[in-house]
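Worksheet: the structure to be examined is printed underneath.
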Amino acid sequence: MIVALRKITGKAPIKIWHKENDIPNLDLIVIPGGFSFGDYLRCGALAARSPVISAIKNHISRGGTVLGVCNGFQILIEAKILPGSLMRNKKLLFTCKETKLEVQSCIKNPFLSSFKTGECLRIPVAHNEGNYFATNDLLKKLKEEGRIALKYSKQKDNEKNYNPNGSTEDIAGILSNNGRVLGMMPHPERAINYLHGGTDGLKLLTNCVEQIIG
Amino acid sequence: MEPQSQLLKVNKNEYLAQQKSKLEDALEMGLTEDEYNLICKKIDKTPNMTELGIFSAMFSEHCSYKSSKKWLKTLPTEASHVIQGPGENAGVIDIGENLAAVFKIESHNHPSFLEPYQGSATGVGGILRDVFTMGARPIALMNALRFGVPDQPLTKHLVSGVVKGIGGYGNCIGIPTVGGETNFDKSYDGNILVNAMAIGLAKKDRIFYSAATGAGNPVIYVGAKTGRDGIHGATMASAAFTENSAEKRPTVQVGDPFTGKLLLEACLELMNTDAVLSIQDMGAAGLTSSSVEMASKGSLGMRLNLDLVPTREDKMTSYEIMLSESQERMLMILKPGSEEKAKSIFDKWDLDFAIIGEVTNTGRLILTKYGFEACNLPIKPLVEDAPEYSKPYEIKTDKKILKPSDLKTNLTIIDILKTIFKNPNIASKKWIWEQYDSSVMGDTIFANGDSDASIVKIHGTEKKDSYGKGLAITTDCTPRYVKSDPVVGGMQAVCEAARNIASSGAIPLAITNNLNFGNPDKKNVMGEIVGSIKGISEAASFFGTPIVSGNVSLYNETNDKSILPTPVIGMVGTIDKVENSLEISAKPENVLIALGQSDNFESGWVGCSIYQEIINKNYDGAPPPINLQYEKKVIEILLKLNKQKLLTAAHDISDGGLLTTVCEMLFKYNLGLDINLPSKLRSCDNNNPLLQSWCFGEDQARIIIATKDVKKVQLILKENNVDFFILGETNSTSNLNLKDNTTISINELKNLNENTIPSMMGMEK
């Protein structure tokens with residue numbers, strides 16, 4: 001993620017240690033993937049109780065922008081910054097593969113503004129707990145508020161297993177109610193040059209940086 | 001008060017640990033009577049139980065290589081690009097631009113059979129520690145796995161557990177698992193093989209070694225706490241030694257990848273300062289082998305206070321502390337005065353940091369517990385007097401050369417192809433690979449069969465006109481060839497590895513090997529060891545790819561039945577411009593050319609082939625012969641063509657022969673091909689043995705290349721006098737046409753190829 005952000009902005013992002021709770025004013029906070037605390041409890045549950053989380057919540061309450069990827073998405077859910085839950089993948093197996101994502105019609109947000117609704121991105125996933133679950137009430141609310149940002153979609157018409165984790169309605173990423181926080185399971189930082197097999201991840205991150213910083 | 005009675009008061013087990021040993025104790029710890037007598041003579045006293053435990057660990061096959069050492073010494077280990085050969089935690093080679101590649105392969109066979117998840121996970125953890133101990137940041141993991149046949153009741157459970165364990169550790173610690181091989185054979189039914197390989201990068205002038213330096217310097221213990229896990233099983237069976245056997249029953253080590261990650265980051269952070277003088281990970285035989293090896297390599301001694309070792313459980317004895325194999329621990333010697341700085345780094349990462357002793361110039365290992373001397377041994381005999389056996393051996397070879405006409409069948413070529421892709425040994429391992437995070441760190445170019453060797457970009461070597469340098473890595477061995485002819489089989493493993501590295505576009509550089517065999521006390525097994533080492537040595541010398549690290553795993557047998565001899569070759573190479581690396585998949589309108597095969601080649605080698613196994617239900621006869629000069633010629637011409645950017649794909653011909661290789665090259669983009677046949681075979685029937693041997697024979701030194709510029713390639717091949725055969729041009733029909741009347745659906749084969757392993761595991765694709 002640091003490589004990707006440096007590639008876009010030309011400078012290295014600031015790294016913040018999880019025990020810090022006093023952070024400077026920032027344009028964008030990215031909570032990257034990983035296995036915080038080994039994922040030994042529920043994924044992200046321990047990290048969601050790290051000192052830095054209160055600082056992130058302050059940043060959000062000031063209207064700040066946050067992108068959570070993979071474990072970062074799990075942490076945002078465990079910290080109750082985003083609603084719903086991320087369960088074990090339906091097949092109970094870790095899965096690492098390229099997925100096709102379809103941009104949904106959603107509220108104004110800095111992450112996907114340069115993409116058209118229905119436009120597709122190819123970005124890989126790599127996780128064990130990405131099966132997004134929402135109750136019917138929550139799902140209805142997310143739809144009404146236009147907060148479903150990305151869905152897994154078929155690469156071929158007859159494809160059966162395009163959804164890598166069994167998530168509700170193929171959801172891959174959701175937004176906060178002000179559109180300033182995006183949590184997504186796929187890893188955009190792993191699709192930033194043609195040797196990765198595609199640059200759709202770079203497009204997403206570049207758009208995000210440009211929208212926020214200008 | 002008498003010391004002994006005082007000890008008794010402190011801890012009865014500790015008292016027992018310091019009691020004088022008897023011969024029976026030594027036998028129970030796996031030593032022989034001769035070895036016990038040798039120990040008593042060399043140290044000039046009867047060892048106490050702790051001392052005997054230390055000797056039994058150091059003299060074990062695992063630490064001393066006593067059966068194989070004589071032959072391991074004959075392996076080629078030197079070349080101008082070798083920075084560190086065998087004997088350290090991992091091998092180190094110079095890869096240019098002031099960088100070094102650090103790598104090693106190691107087995108975790110027995111624990112993985114008992115407890116597949118933890119056994120394989122700790123195998124990965126252990127090999128990663130070996131690499132970062134040298135100061136290298138690990139950038140890729142590989143593996144070589146062998147399981148029993150799919151219908152054997154335990155196989156599914158073992159495959160599932162091992163794959164989850166490898167993924168569990170590698171994914172969590174955040175290092176990509178980029179490839180490997182997985183095979184199935186009945187000889188592994190009761191004894192699976194789990195070999196894990198790690199490769200890391202370091203600055204050439206910032207390699208860390210294990211030799212202790214400077215008497216008086218502090219000895220530091222860092223990482224996880226020591227528990228009672230993994231204490232050597234044979235040793236632990238000692239009845240005289242336990243009051244409560246349940247409490248001490250040996251358990252397989254338990255991996256903690258998160259602590260592993262913290263230890264990795266903390267060690268690398270500390271290594272960025274000038275504090276670390278030497279460092280050694282606590283792997284097999286834990287604190288014993290790490291302290292003894294560090295002292296021995298520095299020709300020094302060590303004094304340790306075992307009361308200062310962080311422990312997970314109460315009242316651990318000196319014996320238990322010395323022989324525990326708890327994971328995620330390191331022993332370091334620091335520059336005096338740098339302790340505080342070092343401690344602050346380990347505090348930051350929430351890891352234990354304890355000064356447990358000092359380096360001495362006595363040449364002895366002195367351990368104290370509760371203020372009493374628990375061990376006082378000279379270091380030298382622990383290492384230098386470990387026995388070296390010259391066990392009798394007999395190299396058995398099957399010299400029978402099978403002719404295609406010896407194999408009679410009604411099966412058509414299509415039938416055989418279908419059977420091949422239903423064979424889990426050939427079928428796609430996608431189901432396994434998708435459970436490994438292969439793209440974390442963002443530098444993976446080709447993983448998991450995309451290319452013949454996995455390619456990882458070297459971060460930081462980017463140039464204006466290039467994405468930078470890449471490392472190519474492969475693991476290979478064809479055990480059935482080794483069984484039939486250990487020397488040829490050993491050579492073949494090296495040749496196939498080199499061919500795979502070259503087919504990815506990289507130059508082969510060096511080897512790490514994992515020698516997995518049965519019981520060396522059997523003459524024929526010892527013959528397999530000796531023969532395959534001879535073969536490996538000959539081929540590795542010829543290619544200039546020395547063996548820089550490795551591991552030996554013996555006694556892989558169940559109920560007196562040995563595994564197939566499995567000397568796994570892990571090879572590493574480099575490619576200067578990573579964007580020039582080659583995948584196996586051909587693109588539309590590419591011409592496929594078989595390198596190393598002439599127009600006159602009409603009869604394939606069927607002995608020991610997958611084809612023979614399909615027809616005869618077993619394999620025998622001599623394996624395909626190896627011609628090293630010819631292998632080298634094929635590799636060199638491929639690299640030359642690729643340097644001129646004339647190639648779009650390459651895939652070496654191995655298991656399943658030419659037609660299997662062609663299909664694998666067509667799968668990804670659903671391509672078709674009207675395949676050209678040698679004139680003599682064009683009129684043959686579909687079940688003609690000669691035609692089938694051409695399709696499925698396993699003759700070596702062949703690689704299929706794909707090109708858009710067939711004229712230029714042809715010219716260069718002719719100029720260089722390399723045999724080649726033009727197979728035809730790819731098209732978009734998704735049909736492989738063999739002759740006018742035989743059409744094979746690539747999509748159908750692709751589905752079989754991808755469904756075999758999931759359906760074996762009882763899962764839909």
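FYI, nothing fancy with the structure tokens labels: chains A, B, ... in order, residues from 1 per chain, ligands from 1 as they appear.
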
Contacts of region 475-489 of chain B at 8 Å or less, counting only C-alpha atoms, minus same-chain residues fewer than 6 places along, as a PyMOL selection string?
chain B and resi 142-144+180-181+395-398+496-497+527-529+531-536+564-571+608+619-626

Kindly determine which residues of chain B lie within 9 Å of chain A, considering only C-alpha atoms, and give the answer as number ranges by chain.
B: 164, 167-168, 171-174, 256-259, 261, 433-446, 467, 578-579, 763, 765

Selection export as a tab-separated table (two decimals), in the first residue's frame, atoms kept: N, CA, C and O atoms:
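Heads up, here's the output in selection.tsv:
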chain	number	residue	atom	x	y	z
B	164	LYS	N	-3.72	-25.89	4.82
B	164	LYS	CA	-4.19	-24.84	5.75
B	164	LYS	C	-3.03	-24.35	6.63
B	164	LYS	O	-2.94	-23.16	6.92
B	167	GLY	N	-0.60	-22.20	4.52
B	167	GLY	CA	-1.27	-20.92	4.30
B	167	GLY	C	-1.40	-20.15	5.60
B	167	GLY	O	-1.14	-18.95	5.65
B	168	GLY	N	-1.78	-20.84	6.66
B	168	GLY	CA	-2.01	-20.19	7.95
B	168	GLY	C	-0.80	-19.40	8.41
B	168	GLY	O	-0.93	-18.25	8.84
B	171	ASN	N	0.40	-16.76	5.17
B	171	ASN	CA	-0.54	-15.67	4.94
B	171	ASN	C	-0.51	-14.69	6.10
B	171	ASN	O	-0.54	-13.48	5.90
B	172	CYS	N	-0.46	-15.22	7.32
B	172	CYS	CA	-0.53	-14.37	8.50
B	172	CYS	C	0.73	-13.52	8.64
B	172	CYS	O	0.65	-12.34	8.94
B	173	ILE	N	1.88	-14.12	8.38
B	173	ILE	CA	3.12	-13.36	8.55
B	173	ILE	C	3.34	-12.40	7.37
B	173	ILE	O	4.16	-11.50	7.42
B	174	GLY	N	2.55	-12.61	6.30
B	174	GLY	CA	2.56	-11.64	5.20
B	174	GLY	C	3.68	-11.83	4.20
B	174	GLY	O	4.20	-10.88	3.64
B	256	ASP	N	3.13	-19.79	16.09
B	256	ASP	CA	2.48	-18.53	16.43
B	256	ASP	C	2.96	-17.49	15.42
B	256	ASP	O	3.92	-16.77	15.66
B	257	PRO	N	2.30	-17.46	14.25
B	257	PRO	CA	2.81	-16.60	13.18
B	257	PRO	C	2.82	-15.12	13.54
B	257	PRO	O	3.66	-14.38	13.03
B	258	PHE	N	1.93	-14.70	14.44
B	258	PHE	CA	1.93	-13.28	14.78
B	258	PHE	C	3.19	-12.93	15.57
B	258	PHE	O	3.86	-11.94	15.27
B	259	THR	N	3.54	-13.79	16.54
B	259	THR	CA	4.81	-13.58	17.25
B	259	THR	C	5.97	-13.70	16.27
B	259	THR	O	6.95	-12.96	16.36
B	261	LYS	N	5.93	-12.80	13.19
B	261	LYS	CA	5.98	-11.51	12.47
B	261	LYS	C	6.66	-10.44	13.34
B	261	LYS	O	7.51	-9.68	12.86
B	433	TRP	N	-3.39	-23.78	-4.37
B	433	TRP	CA	-2.71	-22.50	-4.48
B	433	TRP	C	-3.58	-21.32	-4.07
B	433	TRP	O	-3.08	-20.33	-3.54
B	434	GLU	N	-4.88	-21.43	-4.34
B	434	GLU	CA	-5.75	-20.31	-3.98
B	434	GLU	C	-5.86	-20.12	-2.47
B	434	GLU	O	-6.31	-19.09	-2.01
B	435	GLN	N	-5.43	-21.14	-1.73
B	435	GLN	CA	-5.46	-21.00	-0.27
B	435	GLN	C	-4.19	-20.33	0.26
B	435	GLN	O	-4.06	-20.10	1.45
B	436	TYR	N	-3.24	-20.10	-0.62
B	436	TYR	CA	-2.03	-19.38	-0.23
B	436	TYR	C	-2.12	-17.95	-0.75
B	436	TYR	O	-2.49	-17.73	-1.90
B	437	ASP	N	-1.75	-16.99	0.09
B	437	ASP	CA	-1.69	-15.62	-0.39
B	437	ASP	C	-0.41	-15.49	-1.23
B	437	ASP	O	0.69	-15.48	-0.69
B	438	SER	N	-0.59	-15.43	-2.54
B	438	SER	CA	0.58	-15.39	-3.41
B	438	SER	C	0.93	-13.98	-3.83
B	438	SER	O	1.98	-13.74	-4.42
B	439	SER	N	0.06	-13.00	-3.53
B	439	SER	CA	0.31	-11.65	-4.06
B	439	SER	C	0.64	-10.61	-3.00
B	439	SER	O	0.91	-9.46	-3.33
B	440	VAL	N	0.64	-11.00	-1.71
B	440	VAL	CA	0.99	-10.04	-0.66
B	440	VAL	C	2.42	-9.54	-0.89
B	440	VAL	O	3.24	-10.25	-1.47
B	441	MET	N	2.73	-8.37	-0.49
B	441	MET	CA	3.99	-7.64	-0.71
B	441	MET	C	4.03	-7.00	-2.10
B	441	MET	O	4.87	-6.15	-2.37
B	442	GLY	N	3.14	-7.43	-2.99
B	442	GLY	CA	2.96	-6.72	-4.26
B	442	GLY	C	4.05	-6.92	-5.29
B	442	GLY	O	4.07	-6.23	-6.30
B	443	ASP	N	4.96	-7.87	-5.07
B	443	ASP	CA	6.06	-8.03	-6.01
B	443	ASP	C	6.00	-9.33	-6.81
B	443	ASP	O	6.90	-9.65	-7.57
B	444	THR	N	4.93	-10.10	-6.62
B	444	THR	CA	4.83	-11.38	-7.32
B	444	THR	C	4.47	-11.14	-8.79
B	444	THR	O	3.49	-10.46	-9.08
B	445	ILE	N	5.27	-11.70	-9.69
B	445	ILE	CA	5.00	-11.56	-11.11
B	445	ILE	C	4.30	-12.82	-11.62
B	445	ILE	O	3.22	-12.77	-12.20
B	446	PHE	N	4.91	-13.98	-11.41
B	446	PHE	CA	4.26	-15.24	-11.77
B	446	PHE	C	4.32	-16.18	-10.56
B	446	PHE	O	5.38	-16.38	-9.98
B	467	TYR	N	11.27	-2.57	-15.02
B	467	TYR	CA	10.66	-2.78	-13.71
B	467	TYR	C	11.66	-3.33	-12.71
B	467	TYR	O	11.36	-3.49	-11.55
B	578	VAL	N	12.58	-7.97	-15.21
B	578	VAL	CA	11.51	-8.87	-14.80
B	578	VAL	C	10.37	-8.90	-15.82
B	578	VAL	O	9.65	-9.89	-15.95
B	579	GLU	N	10.25	-7.81	-16.60
B	579	GLU	CA	9.18	-7.77	-17.60
B	579	GLU	C	9.44	-8.76	-18.74
B	579	GLU	O	8.56	-9.05	-19.53
B	763	MET	N	-14.93	-31.31	-3.05
B	763	MET	CA	-15.49	-29.97	-3.18
B	763	MET	C	-15.76	-29.70	-4.65
B	763	MET	O	-15.04	-30.19	-5.52
B	765	LYS	N	-15.72	-27.28	-7.90
B	765	LYS	CA	-14.66	-26.38	-8.33
B	765	LYS	C	-14.91	-24.97	-7.81
B	765	LYS	O	-16.01	-24.49	-7.83

Which residues are close to Ile507 (chain B), i.e. within 7 Å by only C-alpha atoms, leaving aside same-chain residues fewer than 6 positions away? Reply as a PyMOL selection string.
chain B and resi 501+573-575

Only C-alpha atoms, please: the residues just picked out, written as a PDB file, in the first residue's frame.
ATOM      1  CA  ILE B 501      14.293 -21.565 -14.178  1.00  0.00           C
ATOM      2  CA  GLY B 573      17.939 -17.885 -10.523  1.00  0.00           C
ATOM      3  CA  THR B 574      17.763 -14.259 -11.558  1.00  0.00           C
ATOM      4  CA  ILE B 575      16.366 -12.323 -14.486  1.00  0.00           C
TER       5      ILE B 575
END

Show me, as number ranges by chain, the residues that have an atom within 12 Å of Lys154 (chain A) when counting only C-alpha atoms, minus same-chain residues fewer than 6 positions from it.
A: 98-102, 120-122, 160-164, 170

Could the residues in this selection be written to a file with N, CA and C atoms, as a short mmCIF file (atom, residue, chain, number, x, y, z; two decimals), in the first residue's frame?
data_model
loop_
_atom_site.label_atom_id
_atom_site.label_comp_id
_atom_site.auth_asym_id
_atom_site.auth_seq_id
_atom_site.Cartn_x
_atom_site.Cartn_y
_atom_site.Cartn_z
N GLU A 98 -7.94 -13.34 -8.43
CA GLU A 98 -8.43 -12.09 -9.01
C GLU A 98 -9.95 -12.11 -9.04
N THR A 99 -10.56 -10.97 -8.73
CA THR A 99 -12.02 -10.90 -8.84
C THR A 99 -12.39 -9.74 -9.75
N LYS A 100 -13.62 -9.82 -10.26
CA LYS A 100 -14.14 -8.73 -11.07
C LYS A 100 -15.14 -7.97 -10.21
N LEU A 101 -14.97 -6.66 -10.12
CA LEU A 101 -15.83 -5.85 -9.27
C LEU A 101 -16.65 -4.91 -10.13
N GLU A 102 -17.93 -4.77 -9.76
CA GLU A 102 -18.78 -3.84 -10.51
C GLU A 102 -19.10 -2.64 -9.62
N CYS A 120 -16.49 -2.03 -14.60
CA CYS A 120 -15.89 -3.17 -13.89
C CYS A 120 -14.39 -2.99 -13.66
N LEU A 121 -13.95 -3.44 -12.52
CA LEU A 121 -12.53 -3.38 -12.15
C LEU A 121 -12.05 -4.80 -11.84
N ARG A 122 -10.83 -5.10 -12.26
CA ARG A 122 -10.26 -6.40 -11.89
C ARG A 122 -9.21 -6.19 -10.80
N LYS A 160 -19.99 -19.66 -12.01
CA LYS A 160 -20.69 -19.95 -10.76
C LYS A 160 -20.01 -19.31 -9.56
N ASN A 161 -18.68 -19.38 -9.55
CA ASN A 161 -17.98 -19.01 -8.32
C ASN A 161 -17.31 -17.64 -8.40
N TYR A 162 -18.02 -16.68 -8.96
CA TYR A 162 -17.41 -15.36 -9.09
C TYR A 162 -17.35 -14.64 -7.75
N ASN A 163 -18.25 -15.01 -6.84
CA ASN A 163 -18.21 -14.42 -5.51
C ASN A 163 -17.26 -15.27 -4.66
N PRO A 164 -16.10 -14.73 -4.25
CA PRO A 164 -15.08 -15.57 -3.63
C PRO A 164 -15.38 -15.99 -2.20
N ASP A 170 -23.41 -10.41 -3.04
CA ASP A 170 -22.10 -10.23 -3.69
C ASP A 170 -21.38 -8.94 -3.28
#

Pull the closest atom pair for each residue of region 446-529 of chain B that gets at most 12 Å from region 628-649 of chain B, along with the distance in Å to one decimal, counting only C-alpha atoms, ordering rows by chain and then ascending residue number, as a tab-separated table.
residue	atom	partner	partner_atom	distance
B:Asp450	CA	B:Ala649	CA	10.3
B:Ser451	CA	B:Ala649	CA	8.5
B:Asp452	CA	B:Ala649	CA	10.0
B:Val488	CA	B:Leu628	CA	10.8
B:Met491	CA	B:Leu628	CA	8.6
B:Gln492	CA	B:Leu628	CA	9.4
B:Val494	CA	B:Leu628	CA	10.1
B:Cys495	CA	B:Glu631	CA	7.0
B:Glu496	CA	B:Glu631	CA	9.1
B:Ala497	CA	B:Ile635	CA	11.1
B:Ala498	CA	B:Ile635	CA	7.8
B:Arg499	CA	B:Ile635	CA	6.3
B:Asn500	CA	B:Ile635	CA	9.3
B:Ile501	CA	B:Ile635	CA	9.1
B:Ala502	CA	B:Ile635	CA	6.0
B:Ser503	CA	B:Leu638	CA	7.3
B:Ser504	CA	B:Ala649	CA	8.3
B:Gly505	CA	B:Leu639	CA	6.1
B:Ala506	CA	B:Leu639	CA	7.4
B:Ile507	CA	B:Leu639	CA	7.7
B:Pro508	CA	B:Ile635	CA	9.5

Env of Leu86 (chain A): 7 Å cut, atoms = only C-alpha atoms, seq-sep filter 3 positions within chain, self excluded. Answer as a ChimeraX atom specification.
/A:74,129-133

DSSP on the backbone, strand (DSSP E) only: what residues of region 168-366 of chain B does that give? Format it as number ranges by chain.
B: 177-184, 193-203, 218-223, 276-281, 301-305, 329-334, 352-360, 364-366

Writer output for current selection, N, CA and C atoms, as a short mmCIF file (atom, residue, chain, number, x, y, z; two decimals), in the first residue's frame:
data_model
loop_
_atom_site.label_atom_id
_atom_site.label_comp_id
_atom_site.auth_asym_id
_atom_site.auth_seq_id
_atom_site.Cartn_x
_atom_site.Cartn_y
_atom_site.Cartn_z
N THR B 177 3.33 -17.08 -0.61
CA THR B 177 3.68 -18.45 -1.00
C THR B 177 3.48 -18.51 -2.50
N VAL B 178 4.56 -18.64 -3.24
CA VAL B 178 4.47 -18.41 -4.68
C VAL B 178 4.50 -19.69 -5.52
N GLY B 179 4.71 -20.83 -4.90
CA GLY B 179 4.68 -22.03 -5.73
C GLY B 179 5.21 -23.25 -5.02
N GLY B 180 5.34 -24.30 -5.81
CA GLY B 180 5.84 -25.55 -5.26
C GLY B 180 5.28 -26.71 -6.04
N GLU B 181 5.44 -27.90 -5.49
CA GLU B 181 4.89 -29.07 -6.17
C GLU B 181 4.18 -29.94 -5.15
N THR B 182 3.14 -30.62 -5.62
CA THR B 182 2.38 -31.53 -4.77
C THR B 182 2.17 -32.81 -5.54
N ASN B 183 2.60 -33.93 -4.97
CA ASN B 183 2.42 -35.21 -5.65
C ASN B 183 1.85 -36.26 -4.70
N PHE B 184 1.32 -37.30 -5.33
CA PHE B 184 0.65 -38.35 -4.57
C PHE B 184 1.23 -39.70 -4.99
N LEU B 193 5.53 -36.04 3.06
CA LEU B 193 6.68 -35.13 3.07
C LEU B 193 6.18 -33.68 2.98
N VAL B 194 6.67 -32.87 3.89
CA VAL B 194 6.36 -31.44 3.86
C VAL B 194 7.70 -30.70 3.92
N ASN B 195 8.13 -30.22 2.76
CA ASN B 195 9.39 -29.47 2.66
C ASN B 195 9.04 -28.02 2.36
N ALA B 196 9.51 -27.12 3.21
CA ALA B 196 9.22 -25.69 3.00
C ALA B 196 10.50 -24.95 2.69
N MET B 197 10.40 -24.04 1.73
CA MET B 197 11.57 -23.26 1.32
C MET B 197 11.24 -21.78 1.47
N ALA B 198 12.24 -21.03 1.96
CA ALA B 198 12.06 -19.58 2.06
C ALA B 198 13.24 -18.91 1.39
N ILE B 199 12.96 -17.75 0.82
CA ILE B 199 14.02 -16.98 0.17
C ILE B 199 13.89 -15.53 0.60
N GLY B 200 15.03 -14.93 0.92
CA GLY B 200 15.02 -13.55 1.39
C GLY B 200 16.09 -12.73 0.70
N LEU B 201 16.01 -11.43 0.93
CA LEU B 201 16.97 -10.49 0.32
C LEU B 201 17.71 -9.71 1.40
N ALA B 202 19.00 -9.53 1.19
CA ALA B 202 19.79 -8.74 2.13
C ALA B 202 20.79 -7.93 1.33
N LYS B 203 21.32 -6.89 1.97
CA LYS B 203 22.45 -6.18 1.36
C LYS B 203 23.64 -7.12 1.48
N PRO B 218 27.55 -10.11 26.04
CA PRO B 218 26.30 -10.66 26.57
C PRO B 218 25.56 -11.58 25.58
N VAL B 219 24.97 -12.65 26.12
CA VAL B 219 24.15 -13.56 25.33
C VAL B 219 22.69 -13.24 25.63
N ILE B 220 21.94 -12.97 24.56
CA ILE B 220 20.57 -12.49 24.72
C ILE B 220 19.57 -13.51 24.15
N TYR B 221 18.50 -13.69 24.90
CA TYR B 221 17.39 -14.53 24.45
C TYR B 221 16.26 -13.58 24.07
N VAL B 222 15.72 -13.73 22.84
CA VAL B 222 14.58 -12.88 22.46
C VAL B 222 13.48 -13.74 21.83
N GLY B 223 12.28 -13.19 21.85
CA GLY B 223 11.16 -13.84 21.16
C GLY B 223 10.13 -14.38 22.12
N VAL B 276 24.13 -6.05 16.80
CA VAL B 276 24.17 -7.51 16.74
C VAL B 276 25.53 -8.00 16.25
N LEU B 277 26.20 -8.81 17.07
CA LEU B 277 27.47 -9.40 16.66
C LEU B 277 27.25 -10.76 16.01
N SER B 278 26.39 -11.56 16.62
CA SER B 278 26.04 -12.83 15.98
C SER B 278 24.64 -13.24 16.44
N ILE B 279 24.02 -14.08 15.62
CA ILE B 279 22.63 -14.43 15.88
C ILE B 279 22.33 -15.81 15.32
N GLN B 280 21.50 -16.54 16.05
CA GLN B 280 21.17 -17.90 15.62
C GLN B 280 19.73 -18.17 16.04
N ASP B 281 18.94 -18.79 15.17
CA ASP B 281 17.57 -19.08 15.59
C ASP B 281 17.53 -20.37 16.39
N GLY B 301 33.43 -20.41 24.46
CA GLY B 301 32.54 -21.10 25.36
C GLY B 301 31.35 -20.22 25.69
N MET B 302 30.43 -20.75 26.48
CA MET B 302 29.26 -19.96 26.86
C MET B 302 28.82 -20.34 28.26
N ARG B 303 28.45 -19.33 29.02
CA ARG B 303 27.90 -19.59 30.36
C ARG B 303 26.49 -19.00 30.39
N LEU B 304 25.52 -19.85 30.69
CA LEU B 304 24.13 -19.39 30.69
C LEU B 304 23.48 -19.67 32.04
N ASN B 305 22.69 -18.71 32.51
CA ASN B 305 21.91 -18.91 33.73
C ASN B 305 20.47 -19.22 33.31
N ARG B 329 11.84 -18.16 18.67
CA ARG B 329 12.87 -17.72 19.63
C ARG B 329 14.21 -17.54 18.91
N MET B 330 15.03 -16.64 19.43
CA MET B 330 16.36 -16.38 18.86
C MET B 330 17.39 -16.20 19.97
N LEU B 331 18.61 -16.55 19.66
CA LEU B 331 19.71 -16.30 20.57
C LEU B 331 20.67 -15.32 19.87
N MET B 332 21.10 -14.28 20.60
CA MET B 332 21.97 -13.28 19.97
C MET B 332 23.13 -12.93 20.88
N ILE B 333 24.21 -12.51 20.27
CA ILE B 333 25.30 -11.94 21.05
C ILE B 333 25.41 -10.47 20.63
N LEU B 334 25.32 -9.60 21.62
CA LEU B 334 25.29 -8.17 21.33
C LEU B 334 26.61 -7.53 21.68
N ASP B 352 9.73 -10.76 24.55
CA ASP B 352 10.66 -10.97 25.65
C ASP B 352 12.09 -10.67 25.22
N PHE B 353 12.85 -10.13 26.14
CA PHE B 353 14.26 -9.82 25.89
C PHE B 353 14.97 -10.11 27.20
N ALA B 354 15.87 -11.08 27.20
CA ALA B 354 16.53 -11.41 28.46
C ALA B 354 18.01 -11.65 28.23
N ILE B 355 18.83 -11.03 29.08
CA ILE B 355 20.27 -11.32 29.05
C ILE B 355 20.44 -12.58 29.89
N ILE B 356 20.81 -13.68 29.24
CA ILE B 356 20.83 -14.94 29.99
C ILE B 356 22.24 -15.46 30.26
N GLY B 357 23.25 -14.76 29.79
CA GLY B 357 24.60 -15.25 30.06
C GLY B 357 25.63 -14.48 29.28
N GLU B 358 26.82 -15.08 29.17
CA GLU B 358 27.89 -14.40 28.44
C GLU B 358 28.77 -15.39 27.69
N VAL B 359 29.47 -14.84 26.72
CA VAL B 359 30.44 -15.63 25.97
C VAL B 359 31.68 -15.77 26.86
N THR B 360 32.28 -16.96 26.85
CA THR B 360 33.51 -17.17 27.64
C THR B 360 34.61 -17.70 26.72
N ARG B 364 33.85 -24.17 27.04
CA ARG B 364 32.88 -25.07 27.69
C ARG B 364 31.49 -24.44 27.70
N LEU B 365 30.49 -25.32 27.73
CA LEU B 365 29.11 -24.87 27.92
C LEU B 365 28.77 -25.11 29.38
N ILE B 366 28.59 -24.02 30.10
CA ILE B 366 28.28 -24.15 31.53
C ILE B 366 26.90 -23.55 31.78
#
